[in-house]
Each structure stands twice: as structure tokens, then as C-alpha cells.
>>> print(open('protein34.cif').read())   # mmCIF, C-alpha atoms
data_work
#
loop_
_atom_site.label_atom_id
_atom_site.label_comp_id
_atom_site.auth_asym_id
_atom_site.auth_seq_id
_atom_site.Cartn_x
_atom_site.Cartn_y
_atom_site.Cartn_z
CA MET A 13 114.01 125.04 84.48
CA ALA A 14 114.40 121.34 84.92
CA ARG A 15 112.64 118.97 82.63
CA LEU A 16 109.62 117.10 83.86
CA LEU A 17 110.08 113.66 85.33
CA PRO A 18 113.45 112.39 84.28
CA VAL A 19 112.47 109.04 82.83
CA PRO A 20 115.25 106.49 82.74
CA THR A 21 115.60 104.74 79.43
CA PRO A 22 116.25 101.05 79.88
CA ALA A 23 117.55 99.08 76.97
CA PRO A 24 114.51 98.74 74.71
CA VAL A 25 112.77 95.45 74.11
CA SER A 26 111.34 95.25 70.65
CA ARG A 27 108.59 93.06 69.32
CA ARG A 28 110.78 91.98 66.47
CA THR A 29 113.54 90.76 68.73
CA ALA A 30 110.96 89.19 71.02
CA VAL A 31 110.13 86.51 68.51
CA ALA A 32 113.76 85.47 68.33
CA GLY A 33 113.55 83.92 71.77
CA LEU A 34 113.36 84.69 75.42
CA ALA A 35 116.85 86.14 75.35
CA ALA A 36 115.56 88.78 73.00
CA LEU A 37 112.28 89.24 74.84
CA THR A 38 114.22 90.72 77.63
CA GLY A 39 116.71 92.64 75.56
CA THR A 40 119.56 93.06 77.94
CA LEU A 41 118.54 89.76 79.45
CA ALA A 42 120.64 88.40 76.61
CA GLY A 43 123.58 88.62 78.97
CA THR A 44 121.97 86.15 81.33
CA LEU A 45 120.43 83.99 78.67
CA THR A 46 123.47 83.47 76.51
CA GLY A 47 125.35 82.02 79.39
CA CYS A 48 127.38 84.89 80.73
CA THR A 49 126.10 86.48 83.88
CA ASP A 50 126.01 90.19 84.35
CA SER A 51 127.05 90.92 87.89
CA SER A 52 125.13 94.19 87.87
CA LEU A 53 121.83 92.38 87.44
CA PRO A 54 119.87 92.20 90.64
CA THR A 55 119.65 88.73 91.97
CA GLY A 56 116.45 86.98 92.75
CA PRO A 57 115.64 85.45 96.10
CA THR A 58 116.66 81.98 95.05
CA ASP A 59 119.81 82.87 93.19
CA PRO A 60 122.81 80.66 93.64
CA PRO A 61 125.46 82.05 95.97
CA PRO A 62 127.47 84.73 94.18
CA THR A 63 130.84 83.33 95.07
CA GLY A 64 132.27 79.88 95.09
CA SER A 65 130.74 76.87 93.47
CA PRO A 66 128.83 77.62 90.27
CA SER A 67 130.98 78.84 87.47
CA SER A 68 129.87 81.96 85.70
CA SER A 69 128.57 80.07 82.70
CA ALA A 70 126.81 77.43 84.80
CA SER A 71 124.97 80.04 86.85
CA GLY A 72 124.15 81.88 83.62
CA SER A 73 122.48 78.83 82.16
CA THR A 74 120.68 78.17 85.46
CA THR A 75 119.37 81.70 85.32
CA ARG A 76 118.30 81.28 81.73
CA ASP A 77 116.58 77.98 82.40
CA HIS A 78 114.82 79.45 85.41
CA ASP A 79 113.45 82.40 83.45
CA VAL A 80 112.50 80.25 80.46
CA ARG A 81 110.50 77.97 82.78
CA LEU A 82 108.93 81.04 84.35
CA ALA A 83 108.01 82.43 80.93
CA ALA A 84 106.35 79.11 80.04
CA GLN A 85 104.22 79.36 83.20
CA VAL A 86 103.31 82.93 82.41
CA LEU A 87 102.33 81.92 78.88
CA ASP A 88 99.99 79.27 80.31
CA SER A 89 98.19 81.67 82.62
CA GLU A 90 97.92 84.39 79.96
CA GLN A 91 96.44 81.88 77.50
CA ALA A 92 93.97 80.71 80.17
CA MET A 93 92.92 84.31 80.84
CA LEU A 94 92.52 84.98 77.12
CA ASP A 95 90.37 81.84 76.87
CA ARG A 96 88.15 83.17 79.67
CA VAL A 97 87.73 86.50 77.93
CA LEU A 98 86.87 84.80 74.63
CA ALA A 99 84.37 82.51 76.37
CA ALA A 100 82.69 85.55 77.94
CA LEU A 101 82.54 87.14 74.49
CA ARG A 102 80.88 84.06 73.01
CA ALA A 103 78.32 84.05 75.81
CA HIS A 104 77.77 87.82 75.72
CA PRO A 105 78.49 89.17 72.22
CA ARG A 106 77.16 92.55 73.25
CA LEU A 107 80.16 92.98 75.56
CA VAL A 108 82.52 93.16 72.58
CA ALA A 109 83.49 96.79 73.22
CA THR A 110 83.71 96.31 76.98
CA LEU A 111 86.00 93.31 76.62
CA ALA A 112 88.12 94.72 73.78
CA GLY A 113 90.81 95.98 76.14
CA ALA A 114 91.19 92.72 78.05
CA ARG A 115 91.25 90.74 74.83
CA ALA A 116 93.91 93.04 73.33
CA ALA A 117 96.08 92.99 76.46
CA HIS A 118 96.14 89.23 76.90
CA SER A 119 96.50 88.60 73.17
CA ALA A 120 99.54 90.88 73.18
CA HIS A 121 100.97 89.05 76.19
CA VAL A 122 100.41 85.65 74.60
CA ASP A 123 101.92 86.80 71.30
CA LEU A 124 105.02 88.11 73.02
CA LEU A 125 105.52 84.95 75.06
CA ILE A 126 104.79 82.51 72.24
CA GLY A 127 107.60 84.14 70.33
CA ALA A 128 109.82 84.12 73.37
CA VAL A 129 109.44 80.64 74.82
CA PRO A 130 111.27 78.01 72.77
CA PRO A 131 108.89 75.18 71.74
CA GLU A 132 110.79 72.59 73.78
CA ALA A 133 110.20 74.68 76.92
CA ARG A 134 106.43 74.95 76.44
CA ARG A 135 104.36 73.11 78.95
CA PRO A 136 102.03 70.48 77.54
CA ALA A 137 98.48 71.75 77.43
CA PRO A 138 96.62 70.43 80.45
CA ALA A 139 94.43 67.71 79.03
CA PRO A 140 91.54 68.05 78.69
CA ARG A 141 91.40 71.79 79.22
CA ARG A 142 88.06 72.67 80.72
CA ARG A 143 86.19 75.34 78.83
CA PRO A 144 85.73 78.35 81.06
CA VAL A 145 82.19 78.72 82.37
CA THR A 146 80.67 82.15 81.94
CA PRO A 147 77.75 83.34 84.10
CA ARG A 148 74.52 84.03 82.21
CA SER A 149 74.15 87.58 83.46
CA SER A 150 76.54 90.00 81.78
CA ALA A 151 77.12 91.87 85.06
CA ALA A 152 78.10 88.63 86.76
CA ALA A 153 80.31 87.65 83.82
CA LEU A 154 82.16 90.98 84.05
CA SER A 155 82.46 90.69 87.80
CA VAL A 156 83.96 87.19 87.57
CA LEU A 157 86.44 88.37 84.94
CA ALA A 158 87.39 91.36 87.12
CA GLY A 159 88.17 88.96 89.96
CA ARG A 160 90.22 86.74 87.65
CA GLU A 161 92.19 89.73 86.42
CA ASP A 162 92.91 90.74 90.00
CA ARG A 163 94.21 87.25 90.81
CA LEU A 164 96.28 87.26 87.66
CA ALA A 165 97.79 90.64 88.57
CA ARG A 166 98.85 89.28 91.96
CA LEU A 167 100.23 86.10 90.44
CA ARG A 168 102.18 88.13 87.91
CA THR A 169 103.65 90.23 90.73
CA THR A 170 105.06 87.07 92.30
CA HIS A 171 106.45 86.11 88.89
CA ALA A 172 108.14 89.51 88.59
CA LEU A 173 109.74 88.94 91.99
CA ASP A 174 110.82 85.46 90.95
CA ALA A 175 112.45 86.51 87.66
CA ARG A 176 116.23 86.37 87.76
CA SER A 177 116.65 88.89 85.00
CA GLY A 178 115.78 92.50 85.75
CA PRO A 179 114.58 93.30 82.20
CA PHE A 180 112.32 90.23 82.22
CA ALA A 181 110.99 91.30 85.63
CA ARG A 182 110.17 94.69 84.12
CA VAL A 183 108.03 93.07 81.41
CA LEU A 184 106.28 90.84 83.97
CA ALA A 185 105.58 93.80 86.26
CA SER A 186 104.07 95.61 83.31
CA MET A 187 101.83 92.61 82.61
CA SER A 188 100.76 92.69 86.26
CA ALA A 189 99.86 96.38 85.92
CA ALA A 190 97.93 95.63 82.71
CA ALA A 191 95.85 92.98 84.51
CA ALA A 192 95.22 95.41 87.38
CA GLN A 193 93.97 97.99 84.87
CA GLN A 194 91.62 95.44 83.34
CA SER A 195 90.38 94.38 86.74
CA ALA A 196 89.52 97.99 87.61
CA LEU A 197 87.78 98.61 84.28
CA LEU A 198 85.82 95.35 84.30
CA ALA A 199 84.68 95.88 87.90
CA ALA A 200 83.46 99.37 86.95
CA ALA A 201 81.70 97.98 83.86
CA ALA A 202 80.03 95.29 86.02
CA ARG A 203 78.69 98.00 88.35
CA ASP A 204 77.38 99.94 85.34
CA GLN A 205 75.48 96.88 84.13
CA ARG A 206 73.58 96.55 87.37
CA MET B 24 121.94 99.96 86.69
CA THR B 25 122.70 99.15 90.30
CA PRO B 26 119.84 98.87 92.81
CA LEU B 27 120.97 102.15 94.37
CA GLU B 28 120.90 103.91 90.99
CA ALA B 29 117.42 102.49 90.38
CA LEU B 30 116.19 103.90 93.68
CA GLN B 31 117.82 107.28 92.98
CA GLN B 32 116.18 107.44 89.53
CA ALA B 33 112.80 106.63 91.03
CA LEU B 34 113.38 109.29 93.68
CA ALA B 35 114.23 111.86 91.00
CA GLY B 36 110.95 110.96 89.30
CA GLU B 37 108.99 111.33 92.53
CA HIS B 38 110.53 114.74 93.25
CA ALA B 39 109.10 115.85 89.90
CA ALA B 40 105.72 114.20 90.50
CA VAL B 41 105.38 115.82 93.93
CA TYR B 42 106.19 119.22 92.40
CA VAL B 43 103.70 118.78 89.56
CA TYR B 44 100.87 117.58 91.82
CA GLY B 45 101.61 120.43 94.21
CA VAL B 46 101.07 122.91 91.38
CA LEU B 47 98.01 121.10 90.00
CA GLY B 48 96.44 120.95 93.46
CA GLY B 49 96.97 124.68 93.85
CA ARG B 50 95.23 125.41 90.56
CA VAL B 51 92.10 123.29 90.93
CA SER B 52 88.98 124.93 92.27
CA ALA B 53 87.87 122.85 95.24
CA SER B 54 84.39 124.40 95.09
CA ALA B 55 83.86 124.04 91.32
CA GLU B 56 85.66 120.69 90.94
CA PRO B 57 85.54 119.00 94.34
CA GLU B 58 85.96 115.49 92.94
CA LEU B 59 88.99 116.42 90.83
CA ALA B 60 90.46 118.36 93.75
CA ALA B 61 90.15 115.28 95.93
CA ARG B 62 91.82 113.06 93.34
CA LEU B 63 94.70 115.50 92.90
CA THR B 64 95.15 115.79 96.66
CA SER B 65 95.13 112.04 97.01
CA ALA B 66 97.76 111.72 94.27
CA TYR B 67 99.91 114.42 95.87
CA THR B 68 99.80 112.68 99.24
CA LEU B 69 100.64 109.33 97.67
CA HIS B 70 103.61 110.63 95.70
CA ARG B 71 104.95 112.53 98.69
CA GLY B 72 104.83 109.29 100.66
CA ARG B 73 106.69 107.51 97.88
CA ARG B 74 109.32 110.22 97.77
CA ASP B 75 109.83 109.89 101.53
CA HIS B 76 110.03 106.10 101.31
CA LEU B 77 112.66 106.28 98.56
CA THR B 78 114.63 108.91 100.46
CA GLY B 79 114.70 106.53 103.43
CA ARG B 80 115.76 103.57 101.29
CA VAL B 81 118.67 105.51 99.78
CA ARG B 82 119.77 106.78 103.21
CA ALA B 83 119.56 103.25 104.59
CA GLN B 84 122.29 102.32 102.13
CA GLY B 85 124.49 105.10 103.46
CA GLU B 86 124.07 107.27 100.38
CA GLN B 87 122.92 110.85 99.89
CA PRO B 88 119.43 110.94 98.31
CA VAL B 89 119.26 112.86 95.04
CA ALA B 90 117.88 116.36 95.67
CA ALA B 91 114.80 117.90 94.06
CA GLN B 92 115.29 120.53 91.38
CA VAL B 93 114.05 124.03 92.04
CA SER B 94 111.20 123.63 89.56
CA TYR B 95 109.95 121.35 86.82
CA ARG B 96 108.24 122.03 83.53
CA LEU B 97 104.54 121.18 83.69
CA PRO B 98 103.17 118.84 81.05
CA GLY B 99 101.01 121.27 79.11
CA PRO B 100 99.32 124.49 80.17
CA ALA B 101 97.55 122.92 83.15
CA ARG B 102 95.00 125.72 83.67
CA THR B 103 91.51 124.41 82.92
CA ALA B 104 90.07 121.37 84.67
CA ALA B 105 90.56 119.32 81.50
CA GLN B 106 94.18 120.44 81.25
CA LEU B 107 94.79 119.58 84.90
CA VAL B 108 93.46 116.09 84.22
CA ASP B 109 95.73 115.82 81.16
CA ALA B 110 98.76 116.85 83.20
CA ALA B 111 97.95 114.31 85.92
CA ARG B 112 97.53 111.55 83.33
CA VAL B 113 100.89 112.36 81.71
CA THR B 114 102.54 112.42 85.12
CA GLU B 115 101.21 108.96 85.99
CA ARG B 116 102.34 107.60 82.63
CA ARG B 117 105.84 108.87 83.27
CA CYS B 118 105.78 107.46 86.80
CA ALA B 119 104.76 104.08 85.36
CA ALA B 120 107.85 104.17 83.11
CA VAL B 121 110.04 105.20 86.04
CA TYR B 122 108.77 102.33 88.18
CA ALA B 123 109.01 99.76 85.40
CA ALA B 124 112.68 100.71 85.15
CA ALA B 125 113.00 100.48 88.93
CA VAL B 126 111.62 96.93 88.81
CA ALA B 127 114.43 95.96 86.43
CA GLY B 128 117.09 97.51 88.63
CA THR B 129 116.05 96.14 92.01
CA SER B 130 115.23 92.85 93.70
CA GLY B 131 113.39 91.59 96.76
CA ALA B 132 111.39 94.09 98.80
CA ASP B 133 112.43 97.08 96.68
CA ARG B 134 111.29 95.29 93.53
CA ARG B 135 107.96 94.38 95.12
CA TRP B 136 107.49 97.99 96.14
CA ALA B 137 108.30 99.14 92.59
CA VAL B 138 105.80 96.66 91.07
CA ASP B 139 103.09 98.01 93.38
CA ALA B 140 104.00 101.58 92.45
CA LEU B 141 103.88 100.72 88.73
CA THR B 142 100.46 99.12 89.18
CA ASP B 143 99.17 102.09 91.12
CA ALA B 144 100.39 104.53 88.45
CA ALA B 145 98.75 102.43 85.73
CA VAL B 146 95.39 102.24 87.54
CA ARG B 147 95.50 105.84 88.80
CA GLY B 148 96.16 106.97 85.23
CA LEU B 149 92.79 105.46 84.25
CA SER B 150 91.05 107.74 86.76
CA PHE B 151 92.62 110.70 84.92
CA GLY B 152 91.23 109.57 81.57
CA GLY B 153 94.05 107.24 80.58
CA SER B 154 93.45 104.15 78.46
CA ALA B 155 94.39 100.64 79.46
CA GLU B 156 97.47 99.33 77.70
CA PRO B 157 98.92 95.86 77.17
CA PHE B 158 102.29 96.95 78.60
CA PRO B 159 101.97 99.92 80.97
CA GLY B 160 105.30 101.60 81.64
CA VAL B 161 107.09 99.77 78.83
CA ALA B 162 106.76 102.18 75.93
CA GLU B 163 108.67 100.10 73.37
CA LEU B 164 106.18 97.23 73.56
#
>>> encode(input="protein34.cif", output="C-alpha cells")
Amino acid sequence: MARLLPVPTPAPVSRRTAVAGLAALTGTLAGTLTGCTDSSLPTGPTDPPPTGSPSSSASGSTTRDHDVRLAAQVLDSEQAMLDRVLAALRAHPRLVATLAGARAAHSAHVDLLIGAVPPEARRPAPAPRRRPVTPRSSAAALSVLAGREDRLARLRTTHALDARSGPFARVLASMSAAAAQQSALLAAAARDQR
Amino acid sequence: MTPLEALQQALAGEHAAVYVYGVLGGRVSASAEPELAARLTSAYTLHRGRRDHLTGRVRAQGEQPVAAQVSYRLPGPARTAAQLVDAARVTERRCAAVYAAAVAGTSGADRRWAVDALTDAAVRGLSFGGSAEPFPGVAEL
């Protein structure tokens, strides 16, 4: 009898290697991020033409720079989402259990990306960052967060499509799915509060 | 992994998911558990559609789609309603891993489709008692 669901095993990405830089975040992305391109990697929509002008190493560094910039953007939006969750927690301490999952997910995303984006690639914090406003009713607060998570999931999908490296795209797609899970759970919790 | 290999791996996963949901749907009592029966039927229909889509994508590249196996081992005993829910949850978790891998191996429209499938598996898994995770489909994180 055949085994259930043959699950492919991509090269693993470990937390420990993640903190060594974006190259490590994406494991096999190392090929793209150390300057040599892997021709088997799928190419993104805006990739340079495969033949002709850019040398292999030049296109490798373009790819790396592109994905590092993308990771810096992702870090910004994950931090902003985490800030929203924490603001909702300050306004509604009783939601601590309800918001635990969202807090854990976005904290994990921020941690991974902080270790992965080199400091020189970080985007300056938008000054002054507005503190997120949380509605006074807990149901409304949850509903607003659910909507934000949904927007974040869709944004992260476009990031996954934009990533040049397949392994990095895999991580971004997973983050999109995590935000979609939170959106579903928070929307359900908002309905329960009413 | 080439894009074609990624599609073939996802197709192999969907063959298994369609088989498992077919069995689970046959074991649920529609009168005693109408809501669970509806969720299993919905999942079966969805995965069958995915299998057909992937079959078409592989054929469009002039390749022979990977065939289904005769049978697949069920995740767990899958007899009681609770066990059926467990089996469905495990199946969605494995689908999430399959589609996360497919995201890495594809680009463009196929990648978008794989991201949507990963998201659906992650959210559908919640309806079968799954917990939210920071990195659905990426077990090593």
C-alpha cells in the first residue's frame, strides 16, 4: 500500500541559520545570495533576461539585492502588524488569550526577518510612527485586526510572487497563510464577542 | 526542482488527498454528523478540482501527469467522527507542506495558485481542529 501524501522535502531552513543573514534564511537561496545563480530556480516576473547581458555573478547579486530589499519591506509590515496586536492588547487586556496566536505568529516573523536582513538594508523607521488606534469595543478591535490580517495575507502573497528565490518565496507564502489563519480566527472571535 | 517536478509532486499529493477524502466521506454518517459530512464533501470536491487543475497544467507542458496509486494509507484509524476530523486535519497539514514546496519550485501563475492552495489548506485545517502556526507548511521553522 502506498504511503499517505508523499510530501516533498525541500532543503530545510533552520532558525539558527536564519540569523546568519538572508542567504541563510532561505537555505538553498544561498546559491542566489552568494552571487552564483542557480539556473534551476524559477525566475520571477521581473527577472533579467536569462541570456546575454548580465553575467552570472551580476544577475546573482541583483537577485540577492532584490530579495534583501523585499525582506526589509516584509519586516516593516510584520513589525507594524505586531504593533497593532500589542496596541489592541494594551487597550483590551482581557483579549490576551484571543490575541496570543497573532502575537506569536508576527513575533516569530519579525524575529526571523530581523536576523535575516542585514542592518544596512533595514529601512529607516517611518518617523514619527503613528501609534495604532484600537477601537474601544473588543468586538470592533478584533474585527479591525481580522481585516488587517486579511490585507497582510494578500500583501504577503504579492511578495511571494515577487521573490526571486524559490525558497524565500516558500517562507513568504507560509507567512501569508499564517496571516490568513489569524484573520479567520480573529473574525470568528469578533463574532463570538457580539 | 524544476517547475514541472513541482507540479508533479503537488499532483501526487492531491491524488492522495482525493483518495483519503473519498474514504472519509464514505465513513461519515450524514444523518448523525451532517455538518462534518458537508465539510468532508466540500474538501473532497476542492481537492478533486485541484488534482484536475494540476493534471491539466502538466499536460499543457507536454508531459504525462503522474498517476494515482491504487490506495493510500489513512492517517490513523479514521472510524469515529473525532478520528475522521483528525485524519482530515493531518491531510490538510500535509497538503500545506506540499504546496509550500510547490511555491518554491514554481513562478508566475503556478506560484500564485500554489500560494492560494497553501493558504486554503492552512485555513481549512483550522476547521478540522488544527491550531494556527507561525509558519504553516514549513515544518522546520
>>> closest_residue(input="protein34.cif", among="B:Ser52, B:Thr25, B:Ser154, B:Gln31", to="Leu107 of chain B", atoms="all atoms listed in the file")
B:Ser52
>>> closest_residue(input="protein34.cif", among="A:Leu167, A:Ala200, A:Leu124, A:Ala117", to="chain B", atoms="only C-alpha atoms")
A:Ala117
>>> closest_residue(input="protein34.cif", among="A:Ala175, A:Val183, A:Ala199, A:Leu157", to="Thr74 of chain A", atoms="all atoms listed in the file")
A:Ala175
>>> atom_distance(input="protein34.cif", atom1="atom CA of Val138 of chain B", atom2="atom CA of Val108 of chain B")
24.0 Å
>>> resolve_selection(input="protein34.cif", expression="the PyMOL selection byres ((chain B and resi 113-119) around 9)", output="number ranges by chain")
A: 16-19, 186; B: 33, 36-37, 39-40, 43-44, 98, 108-112, 120-124, 140-145, 147-148, 151, 153, 159-161
>>> write_last_selection(input="protein34.cif", atoms="C-alpha atoms", output="PDB file, in the frame of the given file")
ATOM      1  CA  LEU A  16     109.620 117.100  83.860  1.00  0.00           C
ATOM      2  CA  LEU A  17     110.080 113.660  85.330  1.00  0.00           C
ATOM      3  CA  PRO A  18     113.450 112.390  84.280  1.00  0.00           C
ATOM      4  CA  VAL A  19     112.470 109.040  82.830  1.00  0.00           C
ATOM      5  CA  SER A 186     104.070  95.610  83.310  1.00  0.00           C
TER       6      SER A 186
ATOM      7  CA  ALA B  33     112.800 106.630  91.030  1.00  0.00           C
ATOM      8  CA  GLY B  36     110.950 110.960  89.300  1.00  0.00           C
ATOM      9  CA  GLU B  37     108.990 111.330  92.530  1.00  0.00           C
ATOM     10  CA  ALA B  39     109.100 115.850  89.900  1.00  0.00           C
ATOM     11  CA  ALA B  40     105.720 114.200  90.500  1.00  0.00           C
ATOM     12  CA  VAL B  43     103.700 118.780  89.560  1.00  0.00           C
ATOM     13  CA  TYR B  44     100.870 117.580  91.820  1.00  0.00           C
ATOM     14  CA  PRO B  98     103.170 118.840  81.050  1.00  0.00           C
ATOM     15  CA  VAL B 108      93.460 116.090  84.220  1.00  0.00           C
ATOM     16  CA  ASP B 109      95.730 115.820  81.160  1.00  0.00           C
ATOM     17  CA  ALA B 110      98.760 116.850  83.200  1.00  0.00           C
ATOM     18  CA  ALA B 111      97.950 114.310  85.920  1.00  0.00           C
ATOM     19  CA  ARG B 112      97.530 111.550  83.330  1.00  0.00           C
ATOM     20  CA  ALA B 120     107.850 104.170  83.110  1.00  0.00           C
ATOM     21  CA  VAL B 121     110.040 105.200  86.040  1.00  0.00           C
ATOM     22  CA  TYR B 122     108.770 102.330  88.180  1.00  0.00           C
ATOM     23  CA  ALA B 123     109.010  99.760  85.400  1.00  0.00           C
ATOM     24  CA  ALA B 124     112.680 100.710  85.150  1.00  0.00           C
ATOM     25  CA  ALA B 140     104.000 101.580  92.450  1.00  0.00           C
ATOM     26  CA  LEU B 141     103.880 100.720  88.730  1.00  0.00           C
ATOM     27  CA  THR B 142     100.460  99.120  89.180  1.00  0.00           C
ATOM     28  CA  ASP B 143      99.170 102.090  91.120  1.00  0.00           C
ATOM     29  CA  ALA B 144     100.390 104.530  88.450  1.00  0.00           C
ATOM     30  CA  ALA B 145      98.750 102.430  85.730  1.00  0.00           C
ATOM     31  CA  ARG B 147      95.500 105.840  88.800  1.00  0.00           C
ATOM     32  CA  GLY B 148      96.160 106.970  85.230  1.00  0.00           C
ATOM     33  CA  PHE B 151      92.620 110.700  84.920  1.00  0.00           C
ATOM     34  CA  GLY B 153      94.050 107.240  80.580  1.00  0.00           C
ATOM     35  CA  PRO B 159     101.970  99.920  80.970  1.00  0.00           C
ATOM     36  CA  GLY B 160     105.300 101.600  81.640  1.00  0.00           C
ATOM     37  CA  VAL B 161     107.090  99.770  78.830  1.00  0.00           C
TER      38      VAL B 161
END
>>> closest_residue(input="protein34.cif", among="A:Val156, A:Leu125, A:Ala100, A:Ala201", to="Leu184 of chain A", atoms="all atoms listed in the file")
A:Leu125
>>> closest_residue(input="protein34.cif", among="A:Arg206, A:Arg168, A:Arg76, A:His121", to="Ala189 of chain A", atoms="all atoms listed in the file")
A:Arg168
>>> atom_distance(input="protein34.cif", atom1="atom CA of Thr75 of chain A", atom2="atom CA of Pro26 of chain B")
18.7 Å
>>> atom_distance(input="protein34.cif", atom1="atom CA of Ala172 of chain A", atom2="atom CA of Ser89 of chain A")
14.0 Å
>>> residues_near_point(input="protein34.cif", point="(105.2, 84.2, 76.6)", cutoff="9 Å", atoms="only C-alpha atoms", output="tab-separated table (two decimals) with C-alpha atoms, in the coordinates of the input")
chain	number	residue	atom	x	y	z
A	34	LEU	CA	113.36	84.69	75.42
A	37	LEU	CA	112.28	89.24	74.84
A	83	ALA	CA	108.01	82.43	80.93
A	84	ALA	CA	106.35	79.11	80.04
A	85	GLN	CA	104.22	79.36	83.20
A	86	VAL	CA	103.31	82.93	82.41
A	87	LEU	CA	102.33	81.92	78.88
A	88	ASP	CA	99.99	79.27	80.31
A	90	GLU	CA	97.92	84.39	79.96
A	121	HIS	CA	100.97	89.05	76.19
A	122	VAL	CA	100.41	85.65	74.60
A	123	ASP	CA	101.92	86.80	71.30
A	124	LEU	CA	105.02	88.11	73.02
A	125	LEU	CA	105.52	84.95	75.06
A	126	ILE	CA	104.79	82.51	72.24
A	127	GLY	CA	107.60	84.14	70.33
A	128	ALA	CA	109.82	84.12	73.37
A	129	VAL	CA	109.44	80.64	74.82
>>> closest_residue(input="protein34.cif", among="B:Tyr95, B:Ala53, B:Thr103, B:Arg62", to="Leu149 of chain B", atoms="all atoms listed in the file")
B:Arg62
>>> residues_around(input="protein34.cif", residues="Thr64 of chain B", least_positions_apart="2", cutoff="12 Å", atoms="all atoms listed in the file", output="ChimeraX atom specification")
/B:41,43-53,57-62,66-71,111
>>> residues_around(input="protein34.cif", residues="Asp162 of chain A", least_positions_apart="3", cutoff="9 Å", atoms="only C-alpha atoms", output="MDAnalysis selection string")
chainID A and resid 157:159 165:167 188 191:196
>>> residues_around(input="protein34.cif", residues="Ala83 of chain B", least_positions_apart="6", cutoff="12 Å", atoms="only C-alpha atoms", output="PyMOL selection string")
chain B and resi 27+30+76-77
>>> decode(input="protein34.cif", residues="segment 40-55 of chain B", atoms="C-alpha atoms", output="mmCIF file, in the first residue's frame")
data_model
loop_
_atom_site.group_PDB
_atom_site.id
_atom_site.type_symbol
_atom_site.label_atom_id
_atom_site.label_comp_id
_atom_site.auth_asym_id
_atom_site.auth_seq_id
_atom_site.Cartn_x
_atom_site.Cartn_y
_atom_site.Cartn_z
ATOM 1 C CA ALA B 40 -5.749 13.741 -0.643
ATOM 2 C CA VAL B 41 -8.581 12.871 -3.038
ATOM 3 C CA TYR B 42 -8.295 9.205 -2.044
ATOM 4 C CA VAL B 43 -8.286 9.991 1.680
ATOM 5 C CA TYR B 44 -11.245 12.374 1.495
ATOM 6 C CA GLY B 45 -13.119 9.848 -0.627
ATOM 7 C CA VAL B 46 -12.728 7.276 2.141
ATOM 8 C CA LEU B 47 -13.508 9.752 4.939
ATOM 9 C CA GLY B 48 -16.628 10.938 3.124
ATOM 10 C CA GLY B 49 -17.787 7.347 2.790
ATOM 11 C CA ARG B 50 -17.382 6.720 6.510
ATOM 12 C CA VAL B 51 -19.134 9.778 7.927
ATOM 13 C CA SER B 52 -22.764 9.477 8.874
ATOM 14 C CA ALA B 53 -24.589 12.239 7.018
ATOM 15 C CA SER B 54 -27.577 11.907 9.355
ATOM 16 C CA ALA B 55 -25.632 11.829 12.637
#
